[in-house]
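Enquirer: Here you go, this is protein-v9.cif (mmCIF, C-alpha atoms (C1' of nucleotides)).
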data_target
#
loop_
_atom_site.label_atom_id
_atom_site.label_comp_id
_atom_site.auth_asym_id
_atom_site.auth_seq_id
_atom_site.Cartn_x
_atom_site.Cartn_y
_atom_site.Cartn_z
CA MET A 101 128.74 69.83 133.18
CA LYS A 102 126.88 72.35 131.16
CA GLU A 103 126.34 74.30 134.31
CA SER A 104 129.78 75.82 133.98
CA LEU A 105 130.38 79.18 135.50
CA PRO A 106 131.58 81.47 132.72
CA THR A 107 128.60 80.86 130.44
CA ALA A 108 125.52 80.50 132.50
CA PRO A 109 122.85 79.48 129.97
CA ALA A 110 120.20 82.16 130.27
CA LYS A 111 116.72 80.91 130.87
CA ASP A 112 115.45 84.18 129.60
CA VAL A 113 115.26 84.24 125.83
CA THR A 114 116.38 87.83 125.81
CA GLY A 115 119.79 86.69 126.97
CA HIS A 116 120.33 84.23 124.13
CA VAL A 117 122.78 84.82 121.33
CA GLY A 118 120.05 84.99 118.74
CA TYR A 119 118.15 87.67 120.57
CA LEU A 120 121.17 89.86 121.16
CA LEU A 121 122.23 89.40 117.57
CA LYS A 122 118.84 90.54 116.43
CA ARG A 123 118.86 93.47 118.79
CA ALA A 124 122.27 94.68 117.63
CA GLN A 125 121.31 94.30 113.99
CA ALA A 126 118.00 96.09 114.55
CA ALA A 127 119.81 99.00 116.20
CA LEU A 128 122.29 99.18 113.33
CA ARG A 129 119.54 99.04 110.77
CA GLY A 130 117.67 101.83 112.49
CA ALA A 131 120.69 104.08 112.72
CA MET A 132 121.59 103.52 109.08
CA ASP A 133 118.03 104.02 107.88
CA LYS A 134 117.91 107.35 109.59
CA ALA A 135 121.27 108.50 108.27
CA LEU A 136 120.70 107.31 104.72
CA ARG A 137 117.21 108.74 104.45
CA GLU A 138 118.68 112.23 104.43
CA HIS A 139 120.56 111.25 101.30
CA GLY A 140 117.66 109.54 99.59
CA LEU A 141 119.08 106.04 99.86
CA THR A 142 117.89 102.82 101.46
CA VAL A 143 120.19 100.42 103.24
CA PRO A 144 120.20 97.84 100.41
CA GLN A 145 120.87 100.62 97.92
CA TYR A 146 123.80 101.88 99.95
CA ALA A 147 125.19 98.37 100.34
CA THR A 148 124.94 97.87 96.60
CA LEU A 149 126.81 101.09 95.88
CA GLU A 150 129.53 100.15 98.33
CA LEU A 151 129.94 96.71 96.77
CA LEU A 152 130.01 98.09 93.25
CA ALA A 153 132.68 100.60 94.20
CA LEU A 154 134.79 97.76 95.49
CA HIS A 155 133.96 95.23 92.78
CA PRO A 156 132.81 96.95 89.58
CA GLY A 157 130.89 94.75 87.21
CA MET A 158 129.02 92.63 89.73
CA SER A 159 125.78 91.17 88.41
CA ASN A 160 122.37 91.35 90.00
CA ALA A 161 122.71 87.79 91.26
CA ASP A 162 126.13 88.56 92.70
CA LEU A 163 124.82 91.62 94.50
CA ALA A 164 121.74 89.83 95.80
CA ARG A 165 123.90 87.16 97.38
CA ALA A 166 126.24 89.74 98.87
CA THR A 167 123.42 91.81 100.35
CA PHE A 168 121.46 88.80 101.61
CA VAL A 169 118.30 89.32 99.61
CA THR A 170 116.67 87.41 96.77
CA ARG A 171 117.49 88.10 93.13
CA GLN A 172 114.05 89.61 92.77
CA SER A 173 114.65 92.13 95.50
CA GLY A 174 118.09 92.85 94.14
CA ASN A 175 116.52 93.63 90.81
CA VAL A 176 114.24 96.20 92.42
CA VAL A 177 117.21 97.83 94.13
CA LEU A 178 119.20 97.99 90.90
CA ARG A 179 116.31 99.49 88.99
CA GLY A 180 115.96 102.15 91.65
CA LEU A 181 119.62 103.02 91.45
CA GLN A 182 119.49 103.02 87.68
CA GLU A 183 116.52 105.38 87.61
CA ALA A 184 118.37 107.64 90.02
CA GLY A 185 121.30 107.65 87.59
CA LEU A 186 123.71 106.18 90.10
CA ILE A 187 124.56 103.03 88.18
CA THR A 188 124.56 101.75 84.61
CA ARG A 189 123.91 98.32 83.20
CA PRO A 190 124.27 97.18 79.60
CA ALA A 191 120.93 96.43 77.95
CA ILE A 192 122.20 93.05 76.81
CA ALA A 193 124.82 90.73 78.23
CA ASP A 194 127.85 89.85 76.16
CA HIS A 195 128.26 86.52 77.89
CA GLY A 196 125.56 84.53 79.62
CA ARG A 197 122.64 86.47 81.01
CA ALA A 198 124.52 88.42 83.66
CA ARG A 199 124.49 92.18 83.13
CA PRO A 200 127.48 93.74 84.92
CA ALA A 201 126.65 96.93 86.84
CA HIS A 202 128.92 99.93 87.22
CA LEU A 203 128.76 103.14 89.21
CA THR A 204 128.26 106.37 87.31
CA GLU A 205 130.09 109.53 88.23
CA GLU A 206 127.06 110.56 90.20
CA GLY A 207 127.01 107.16 91.84
CA HIS A 208 130.55 107.60 93.07
CA ALA A 209 129.74 111.08 94.32
CA ARG A 210 126.63 109.98 96.18
CA LEU A 211 128.48 107.11 97.77
CA GLU A 212 131.23 109.41 98.93
CA ALA A 213 128.65 111.77 100.39
CA VAL A 214 126.98 109.11 102.51
CA GLN A 215 130.14 107.34 103.58
CA THR A 216 130.87 110.07 106.10
CA ALA A 217 127.59 109.47 107.88
CA VAL A 218 127.76 105.69 107.63
CA TYR A 219 131.32 105.44 108.80
CA ALA A 220 130.43 107.58 111.79
CA ILE A 221 127.91 104.93 112.75
CA GLU A 222 130.50 102.23 112.29
CA GLN A 223 132.78 104.26 114.50
CA ARG A 224 130.22 104.31 117.29
CA MET A 225 130.17 100.53 117.18
CA VAL A 226 133.93 100.25 117.15
CA GLU A 227 134.28 102.57 120.11
CA ALA A 228 131.82 100.49 122.08
CA ILE A 229 134.15 97.50 121.87
CA PRO A 230 137.48 97.23 123.67
CA PRO A 231 140.09 97.37 120.87
CA GLN A 232 141.74 94.11 121.72
CA ARG A 233 138.40 92.31 121.44
CA MET A 234 137.40 93.59 118.03
CA ALA A 235 139.30 91.00 115.99
CA VAL A 236 137.85 88.20 118.07
CA LEU A 237 134.36 89.60 117.71
CA LEU A 238 134.66 89.64 113.94
CA THR A 239 135.92 86.08 113.98
CA ASP A 240 133.05 84.92 116.15
CA LEU A 241 130.43 86.61 113.98
CA ASP A 242 131.97 84.93 111.00
CA ARG A 243 131.85 81.57 112.73
CA ILE A 244 128.21 81.98 113.63
CA ALA A 245 127.30 82.76 110.06
CA ALA A 246 129.33 79.85 108.75
CA ALA A 247 127.76 77.45 111.24
CA LEU A 248 124.27 78.43 110.16
CA GLU A 249 124.84 78.65 106.44
CA GLU A 250 125.97 75.10 105.89
CA MET B 140 144.43 88.76 102.45
CA LYS B 141 143.26 88.54 106.00
CA GLU B 142 146.70 89.01 107.47
CA SER B 143 145.71 92.38 108.81
CA LEU B 144 146.91 93.51 112.19
CA PRO B 145 144.40 93.44 115.01
CA THR B 146 143.72 97.16 114.78
CA ALA B 147 143.92 97.55 111.02
CA PRO B 148 140.53 98.71 109.73
CA ALA B 149 139.53 96.59 106.77
CA LYS B 150 139.29 98.48 103.51
CA ASP B 151 136.87 95.90 102.25
CA VAL B 152 133.37 96.62 103.47
CA THR B 153 132.72 92.91 103.84
CA GLY B 154 135.17 92.90 106.73
CA HIS B 155 133.42 95.62 108.72
CA VAL B 156 131.46 94.93 111.88
CA GLY B 157 128.22 96.00 110.30
CA TYR B 158 128.56 93.65 107.39
CA LEU B 159 129.43 90.65 109.53
CA LEU B 160 126.62 91.49 111.89
CA LYS B 161 124.21 91.57 109.01
CA ARG B 162 125.56 88.33 107.62
CA ALA B 163 125.23 86.48 110.91
CA GLN B 164 121.73 87.80 111.44
CA ALA B 165 120.72 86.90 107.88
CA ALA B 166 121.99 83.37 108.36
CA LEU B 167 120.10 83.05 111.62
CA ARG B 168 116.94 84.43 110.10
CA GLY B 169 117.16 82.01 107.21
CA ALA B 170 117.70 79.00 109.44
CA MET B 171 114.83 79.96 111.68
CA ASP B 172 112.49 80.72 108.80
CA LYS B 173 113.11 77.29 107.41
CA ALA B 174 112.63 75.52 110.72
CA LEU B 175 109.53 77.47 111.72
CA ARG B 176 107.82 77.14 108.38
CA GLU B 177 107.31 73.46 109.02
CA HIS B 178 105.30 74.42 112.05
CA GLY B 179 103.34 77.17 110.37
CA LEU B 180 104.96 80.02 112.26
CA THR B 181 106.92 83.09 111.23
CA VAL B 182 109.90 84.38 113.16
CA PRO B 183 108.02 87.31 114.72
CA GLN B 184 105.21 84.96 115.69
CA TYR B 185 107.63 82.58 117.36
CA ALA B 186 109.37 85.44 119.16
CA THR B 187 106.01 86.64 120.43
CA LEU B 188 105.08 83.21 121.75
CA GLU B 189 108.41 82.91 123.51
CA LEU B 190 108.03 86.31 125.14
CA LEU B 191 104.48 85.63 126.22
CA ALA B 192 105.50 82.36 127.80
CA LEU B 193 108.11 84.20 129.79
CA HIS B 194 106.06 87.31 130.53
CA PRO B 195 102.34 86.57 130.34
CA GLY B 196 100.15 89.61 129.88
CA MET B 197 102.45 91.69 127.68
CA SER B 198 100.63 94.21 125.55
CA ASN B 199 100.96 94.71 121.82
CA ALA B 200 103.18 97.74 122.38
CA ASP B 201 105.36 95.79 124.77
CA LEU B 202 105.77 92.96 122.30
CA ALA B 203 106.46 95.29 119.40
CA ARG B 204 109.30 96.90 121.30
CA ALA B 205 110.70 93.54 122.35
CA THR B 206 110.61 92.12 118.83
CA PHE B 207 111.95 95.27 117.18
CA VAL B 208 108.99 96.04 114.96
CA THR B 209 106.39 98.79 114.92
CA ARG B 210 103.17 98.59 116.87
CA GLN B 211 101.33 98.17 113.62
CA SER B 212 103.34 95.11 112.64
CA GLY B 213 102.99 93.74 116.10
CA ASN B 214 99.25 94.07 115.78
CA VAL B 215 99.29 91.98 112.60
CA VAL B 216 101.36 89.31 114.33
CA LEU B 217 98.99 89.18 117.29
CA ARG B 218 95.94 88.94 115.08
CA GLY B 219 97.54 86.04 113.24
CA LEU B 220 98.28 84.23 116.46
CA GLN B 221 94.80 84.93 117.74
CA GLU B 222 93.19 83.57 114.59
CA ALA B 223 95.34 80.49 114.93
CA GLY B 224 94.04 80.08 118.47
CA LEU B 225 97.47 80.34 120.04
CA ILE B 226 96.84 83.41 122.14
CA THR B 227 93.92 85.27 123.70
CA ARG B 228 93.35 88.94 124.30
CA PRO B 229 90.49 90.56 126.18
CA ALA B 230 88.18 92.53 123.93
CA ILE B 231 88.43 95.53 126.20
CA ALA B 232 91.14 96.68 128.53
CA ASP B 233 90.45 96.99 132.21
CA HIS B 234 93.11 99.59 132.66
CA GLY B 235 94.36 101.99 130.02
CA ARG B 236 94.17 100.82 126.44
CA ALA B 237 96.65 97.98 126.70
CA ARG B 238 95.14 94.55 126.08
CA PRO B 239 97.28 91.93 127.83
CA ALA B 240 97.92 88.82 125.74
CA HIS B 241 98.15 85.29 127.07
CA LEU B 242 99.07 81.94 125.56
CA THR B 243 96.30 79.39 125.16
CA GLU B 244 96.85 75.71 125.85
CA GLU B 245 97.42 75.24 122.16
CA GLY B 246 99.85 78.16 122.19
CA HIS B 247 101.94 76.53 124.87
CA ALA B 248 101.88 73.24 122.99
CA ARG B 249 102.89 74.83 119.71
CA LEU B 250 105.70 76.72 121.36
CA GLU B 251 106.99 73.57 122.97
CA ALA B 252 106.89 71.81 119.64
CA VAL B 253 109.01 74.41 117.87
CA GLN B 254 111.43 74.98 120.70
CA THR B 255 113.20 71.74 119.90
CA ALA B 256 113.96 72.90 116.39
CA VAL B 257 114.83 76.45 117.38
CA TYR B 258 117.08 75.48 120.25
CA ALA B 259 118.94 73.15 117.92
CA ILE B 260 119.76 76.18 115.80
CA GLU B 261 120.86 78.09 118.86
CA GLN B 262 123.03 75.14 119.75
CA ARG B 263 124.78 75.29 116.39
CA MET B 264 125.70 78.89 117.12
CA VAL B 265 126.90 78.12 120.61
CA GLU B 266 129.06 75.28 119.41
CA ALA B 267 130.67 77.55 116.84
CA ILE B 268 132.02 79.77 119.60
CA PRO B 269 134.76 78.77 122.04
CA PRO B 270 132.99 78.47 125.40
CA GLN B 271 135.19 80.93 127.22
CA ARG B 272 134.38 83.57 124.62
CA MET B 273 130.61 83.31 124.73
CA ALA B 274 130.04 85.61 127.70
CA VAL B 275 132.24 88.26 126.14
CA LEU B 276 130.46 87.96 122.83
CA LEU B 277 127.10 88.54 124.48
CA THR B 278 128.49 91.55 126.29
CA ASP B 279 129.89 93.02 123.11
CA LEU B 280 126.65 92.56 121.19
CA ASP B 281 124.87 94.29 124.02
CA ARG B 282 127.32 97.17 123.92
CA ILE B 283 126.91 97.59 120.19
CA ALA B 284 123.17 97.78 120.52
CA ALA B 285 123.40 100.22 123.40
CA ALA B 286 125.84 102.44 121.51
CA LEU B 287 123.50 102.67 118.54
CA GLU B 288 120.23 103.02 120.39
CA GLU B 289 121.05 106.15 122.30
"C1'" DT C 80 124.78 66.54 68.50
"C1'" DC C 81 121.52 66.62 72.15
"C1'" DC C 82 120.16 66.73 76.70
"C1'" DT C 83 120.56 67.51 81.50
"C1'" DG C 84 121.98 70.56 85.08
"C1'" DT C 85 123.05 74.96 86.80
"C1'" DA C 86 122.84 79.94 86.76
"C1'" DT C 87 120.73 84.21 85.59
"C1'" DG C 88 117.01 87.75 84.68
"C1'" DT C 89 112.40 88.88 85.07
"C1'" DC C 90 107.22 88.94 85.75
"C1'" DA C 91 103.25 88.52 88.78
"C1'" DG C 92 101.16 87.99 93.07
"C1'" DA C 93 101.19 87.43 97.99
"C1'" DA C 94 103.04 88.49 102.41
"C1'" DC C 95 105.08 91.40 105.50
"C1'" DT C 96 106.54 95.94 107.36
"C1'" DT C 97 106.59 100.64 107.61
"C1'" DT C 98 104.93 105.59 107.52
"C1'" DG C 99 101.30 108.67 108.59
"C1'" DA C 100 97.22 109.68 110.82
"C1'" DC C 101 93.63 109.59 114.27
"C1'" DA C 102 91.04 108.43 118.58
"C1'" DT C 103 91.15 106.98 123.28
"C1'" DA C 104 92.97 106.35 128.16
"C1'" DG C 105 95.66 107.53 131.98
"C1'" DC C 106 99.05 110.65 134.44
"C1'" DC C 107 100.67 114.94 136.32
"C1'" DC C 108 100.49 119.43 137.79
"C1'" DA C 109 98.98 124.25 137.83
"C1'" DT D 290 88.82 121.00 137.37
"C1'" DG D 291 91.18 121.36 133.34
"C1'" DG D 292 94.87 121.26 130.02
"C1'" DG D 293 99.00 119.27 128.34
"C1'" DC D 294 101.77 115.11 127.90
"C1'" DT D 295 102.53 110.43 126.98
"C1'" DA D 296 101.21 105.82 125.78
"C1'" DT D 297 98.34 102.64 123.39
"C1'" DG D 298 95.41 100.62 119.69
"C1'" DT D 299 94.02 100.77 115.11
"C1'" DC D 300 93.01 102.08 110.17
"C1'" DA D 301 94.71 103.14 105.55
"C1'" DA D 302 98.19 103.46 102.15
"C1'" DA D 303 102.67 102.90 100.52
"C1'" DG D 304 106.93 100.54 100.32
"C1'" DT D 305 109.68 96.48 100.59
"C1'" DT D 306 110.66 91.66 100.30
"C1'" DC D 307 109.49 87.15 99.38
"C1'" DT D 308 107.47 82.89 96.92
"C1'" DG D 309 106.39 80.81 92.70
"C1'" DA D 310 106.90 80.53 87.94
"C1'" DC D 311 108.93 80.93 83.45
"C1'" DA D 312 112.37 81.87 79.78
"C1'" DT D 313 117.08 82.21 78.46
"C1'" DA D 314 122.20 81.12 78.39
"C1'" DC D 315 126.12 78.39 79.10
"C1'" DA D 316 128.85 74.00 80.52
"C1'" DG D 317 129.50 69.31 80.45
"C1'" DG D 318 128.72 64.62 79.43
"C1'" DA D 319 126.08 60.68 77.12
#
Please, can you express the file's structure as structure tokens?

Expert:
Amino acid sequence: MKESLPTAPAKDVTGHVGYLLKRAQAALRGAMDKALREHGLTVPQYATLELLALHPGMSNADLARATFVTRQSGNVVLRGLQEAGLITRPAIADHGRARPAHLTEEGHARLEAVQTAVYAIEQRMVEAIPPQRMAVLLTDLDRIAAALEE
Amino acid sequence: MKESLPTAPAKDVTGHVGYLLKRAQAALRGAMDKALREHGLTVPQYATLELLALHPGMSNADLARATFVTRQSGNVVLRGLQEAGLITRPAIADHGRARPAHLTEEGHARLEAVQTAVYAIEQRMVEAIPPQRMAVLLTDLDRIAAALEE
DNA sequence: TCCTGTATGTCAGAACTTTGACATAGCCCA
DNA sequence: TGGGCTATGTCAAAGTTCTGACATACAGGA
């Protein structure tokens, strides 16, 4: 019964969900790398700026979780942004060990400058998908992640 | 908060296609890393074995393209597999510079051993998606990749 | 109070990947 | 024949990320 017609299970690995997921993500990563390089930012750095604009005061651990890297890598990213003057972090935490990060004026400006390029990439993806399927696609991606994270 | 209309673009970056794509891929990568570690393989190594089983004789450049890494990284992967005795490559090429790789007996055996674990992960993804939507999902992922690769 | 558990930040080293560069091999066409 | 073009393999160095380890900070219960 698993030989149903709509979803013929591909014998070829390159037709599996995992492979196509990887391919799409690799293409996105490549496009973003190229676009961000012109602005002197890496993908994790950009993601961090975007998150901080939306949720000021996130800690390194928060950001690491949200960008899918380890705390150690997150720390490297934050130090880079700090040296570039795009974010600030208090030298000592007022509560616990978490040091809340905030965008500087320059950080906001840089983010705004790259958003044009990044959103253009997002737009290319959106236009590749029939509008009525987009919501479903987002749902399915979310389900895949949830199924694997548990 | 997620009561947005089908076409309403999410203001929150975490609702964008790119973010969900990254999240799903990160979850998959994590699950596979964990499963493969028990067998002493990395994800690129596993991908290479799978491709070689399907297409014996692929060159390093072929494999690098298919696994979305540079030729240099591909070379490292191949050397690792060769040292582990899972693949063989002729010392010199008979035509051009490409050195076709082939699985050894041990390579086939190792691949078979990990496939159980890896396919179980794939199964978790498949089960997370309503069957009638799977074909469309694969199509959409393919379209996204195509739109970004051009 | 103390102690266990959980969470965070950080250091150090290893592992992996990429960028940049160079040499070689085949193809095509003037 | 020869020159340009492309593809491949590889080395070296830099950049990035991870694993492992340790110290600190708070919450909660014995």

Enquirer: Need to verify the contact set: range 290-297 of chain D, 8 Å, only C-alpha atoms (C1' of nucleotides), exclusion of same-chain residues closer than 3 positions in sequence. Can you return it as a list of chain:residue names?

Expert: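 The residues satisfying every condition are B:Ala200, B:Gly235, B:Arg236, B:Ala237.
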
Enquirer: Given identical sequences, what C-alpha RMSD separates chain A from chain B after least-squares superposition over all Cα in order?

Expert: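 Across the paired C-alpha atoms, the RMSD reaches 2.5 Å.
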
Enquirer: Assuming the chain letters and numbering stay as they are in my file, what does the PyMOL selection byres ((chain C) within 10 of (chain A)) actually select? List them as a list in words.

Expert: DA86, DT87, DG88, DT89 and DC90 of chain C

Enquirer: Enumerate, in order of chain and increasing residue number, the residues of chain D with an atom no farther than 12 Å from chain B, each with its shortest atom pair and distance in Å to one decimal, counting all atoms listed in the file, as CSV.

Expert:
residue,atom,partner,partner_atom,distance
D:DA296,C1',B:Arg236,CA,8.7
D:DT297,C1',B:Arg236,CA,5.5
D:DG298,C1',B:Arg236,CA,6.9
D:DT299,C1',B:Gln211,CA,7.9
D:DC300,C1',B:Gln211,CA,9.8
D:DA301,C1',B:Gln211,CA,11.6
D:DC307,C1',B:Asp172,CA,11.8

Enquirer: How many Å separate CA of Gly115 in chain A from CA of Leu277 in chain B?

Expert: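 Rounded to one decimal, the two atoms are 7.9 Å apart.
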
Enquirer: So what do you get for CA of Glu205 in chain A versus CA of Arg189 in chain A, distance-wise?

Expert: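 Answer for the CA of Glu205 in chain A to CA of Arg189 in chain A separation: 13.8 Å.
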
Enquirer: Show me, as a ChimeraX atom specification, every residue of chain B with an atom at most 7 Å from chain A, counting all atoms listed in the file.

Expert: /B:145,156-157,159-167,170,207,261,263-264,267-268,271,273-274,276-277,279-284,286-288

Enquirer: Could you jot down the CA of Met158 in chain A to CA of His202 in chain A separation for me, Å, one decimal place?

Expert: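 Straight-line distance from CA of Met158 in chain A to CA of His202 in chain A works out to 7.7 Å.
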
Enquirer: On this file, the PyMOL selection byres ((chain C and resi 82) around 9) gives some set of residues; write that set as an MDAnalysis selection string.

Expert: (chainID C and resid 81 83) or (chainID D and resid 319)

Enquirer: For range 170-194 of chain B, supply N, CA and C atoms and format the output as a PDB file, keeping the file's coordinate frame.

Expert:
ATOM      1  N   ALA B 170     117.811  80.307 108.783  1.00  0.00           N
ATOM      2  CA  ALA B 170     117.700  79.000 109.440  1.00  0.00           C
ATOM      3  C   ALA B 170     116.398  78.907 110.221  1.00  0.00           C
ATOM      4  N   MET B 171     116.045  79.998 110.885  1.00  0.00           N
ATOM      5  CA  MET B 171     114.830  79.960 111.680  1.00  0.00           C
ATOM      6  C   MET B 171     113.582  79.948 110.801  1.00  0.00           C
ATOM      7  N   ASP B 172     113.607  80.730 109.748  1.00  0.00           N
ATOM      8  CA  ASP B 172     112.490  80.720 108.800  1.00  0.00           C
ATOM      9  C   ASP B 172     112.198  79.298 108.334  1.00  0.00           C
ATOM     10  N   LYS B 173     113.244  78.645 107.936  1.00  0.00           N
ATOM     11  CA  LYS B 173     113.110  77.290 107.410  1.00  0.00           C
ATOM     12  C   LYS B 173     112.539  76.332 108.446  1.00  0.00           C
ATOM     13  N   ALA B 174     113.074  76.424 109.665  1.00  0.00           N
ATOM     14  CA  ALA B 174     112.630  75.520 110.720  1.00  0.00           C
ATOM     15  C   ALA B 174     111.189  75.805 111.139  1.00  0.00           C
ATOM     16  N   LEU B 175     110.854  77.092 111.228  1.00  0.00           N
ATOM     17  CA  LEU B 175     109.530  77.470 111.720  1.00  0.00           C
ATOM     18  C   LEU B 175     108.434  77.236 110.687  1.00  0.00           C
ATOM     19  N   ARG B 176     108.824  77.319 109.432  1.00  0.00           N
ATOM     20  CA  ARG B 176     107.820  77.140 108.380  1.00  0.00           C
ATOM     21  C   ARG B 176     107.116  75.794 108.490  1.00  0.00           C
ATOM     22  N   GLU B 177     107.886  74.795 108.888  1.00  0.00           N
ATOM     23  CA  GLU B 177     107.310  73.460 109.020  1.00  0.00           C
ATOM     24  C   GLU B 177     106.255  73.389 110.111  1.00  0.00           C
ATOM     25  N   HIS B 178     106.284  74.387 110.981  1.00  0.00           N
ATOM     26  CA  HIS B 178     105.300  74.420 112.050  1.00  0.00           C
ATOM     27  C   HIS B 178     104.277  75.520 111.829  1.00  0.00           C
ATOM     28  N   GLY B 179     104.321  76.146 110.682  1.00  0.00           N
ATOM     29  CA  GLY B 179     103.340  77.170 110.370  1.00  0.00           C
ATOM     30  C   GLY B 179     103.492  78.452 111.153  1.00  0.00           C
ATOM     31  N   LEU B 180     104.715  78.780 111.522  1.00  0.00           N
ATOM     32  CA  LEU B 180     104.960  80.020 112.260  1.00  0.00           C
ATOM     33  C   LEU B 180     106.005  80.876 111.556  1.00  0.00           C
ATOM     34  N   THR B 181     105.884  82.186 111.720  1.00  0.00           N
ATOM     35  CA  THR B 181     106.920  83.090 111.230  1.00  0.00           C
ATOM     36  C   THR B 181     107.842  83.420 112.407  1.00  0.00           C
ATOM     37  N   VAL B 182     108.951  84.030 112.104  1.00  0.00           N
ATOM     38  CA  VAL B 182     109.900  84.380 113.160  1.00  0.00           C
ATOM     39  C   VAL B 182     109.286  85.348 114.179  1.00  0.00           C
ATOM     40  N   PRO B 183     108.631  86.424 113.730  1.00  0.00           N
ATOM     41  CA  PRO B 183     108.020  87.310 114.720  1.00  0.00           C
ATOM     42  C   PRO B 183     106.945  86.606 115.555  1.00  0.00           C
ATOM     43  N   GLN B 184     106.221  85.698 114.938  1.00  0.00           N
ATOM     44  CA  GLN B 184     105.210  84.960 115.690  1.00  0.00           C
ATOM     45  C   GLN B 184     105.859  84.093 116.760  1.00  0.00           C
ATOM     46  N   TYR B 185     106.921  83.408 116.387  1.00  0.00           N
ATOM     47  CA  TYR B 185     107.630  82.580 117.360  1.00  0.00           C
ATOM     48  C   TYR B 185     108.178  83.446 118.498  1.00  0.00           C
ATOM     49  N   ALA B 186     108.794  84.557 118.138  1.00  0.00           N
ATOM     50  CA  ALA B 186     109.370  85.440 119.160  1.00  0.00           C
ATOM     51  C   ALA B 186     108.292  85.897 120.130  1.00  0.00           C
ATOM     52  N   THR B 187     107.128  86.197 119.586  1.00  0.00           N
ATOM     53  CA  THR B 187     106.010  86.640 120.430  1.00  0.00           C
ATOM     54  C   THR B 187     105.571  85.545 121.381  1.00  0.00           C
ATOM     55  N   LEU B 188     105.460  84.328 120.879  1.00  0.00           N
ATOM     56  CA  LEU B 188     105.080  83.210 121.750  1.00  0.00           C
ATOM     57  C   LEU B 188     106.091  83.034 122.875  1.00  0.00           C
ATOM     58  N   GLU B 189     107.351  83.096 122.507  1.00  0.00           N
ATOM     59  CA  GLU B 189     108.410  82.910 123.510  1.00  0.00           C
ATOM     60  C   GLU B 189     108.340  83.985 124.586  1.00  0.00           C
ATOM     61  N   LEU B 190     108.118  85.212 124.177  1.00  0.00           N
ATOM     62  CA  LEU B 190     108.030  86.310 125.140  1.00  0.00           C
ATOM     63  C   LEU B 190     106.802  86.184 126.023  1.00  0.00           C
ATOM     64  N   LEU B 191     105.704  85.757 125.430  1.00  0.00           N
ATOM     65  CA  LEU B 191     104.480  85.630 126.220  1.00  0.00           C
ATOM     66  C   LEU B 191     104.565  84.484 127.224  1.00  0.00           C
ATOM     67  N   ALA B 192     105.325  83.458 126.860  1.00  0.00           N
ATOM     68  CA  ALA B 192     105.500  82.360 127.800  1.00  0.00           C
ATOM     69  C   ALA B 192     106.294  82.828 129.009  1.00  0.00           C
ATOM     70  N   LEU B 193     107.245  83.693 128.723  1.00  0.00           N
ATOM     71  CA  LEU B 193     108.110  84.200 129.790  1.00  0.00           C
ATOM     72  C   LEU B 193     107.435  85.310 130.591  1.00  0.00           C
ATOM     73  N   HIS B 194     106.722  86.166 129.881  1.00  0.00           N
ATOM     74  CA  HIS B 194     106.060  87.310 130.530  1.00  0.00           C
ATOM     75  C   HIS B 194     104.599  87.383 130.110  1.00  0.00           C
TER      76      HIS B 194
END
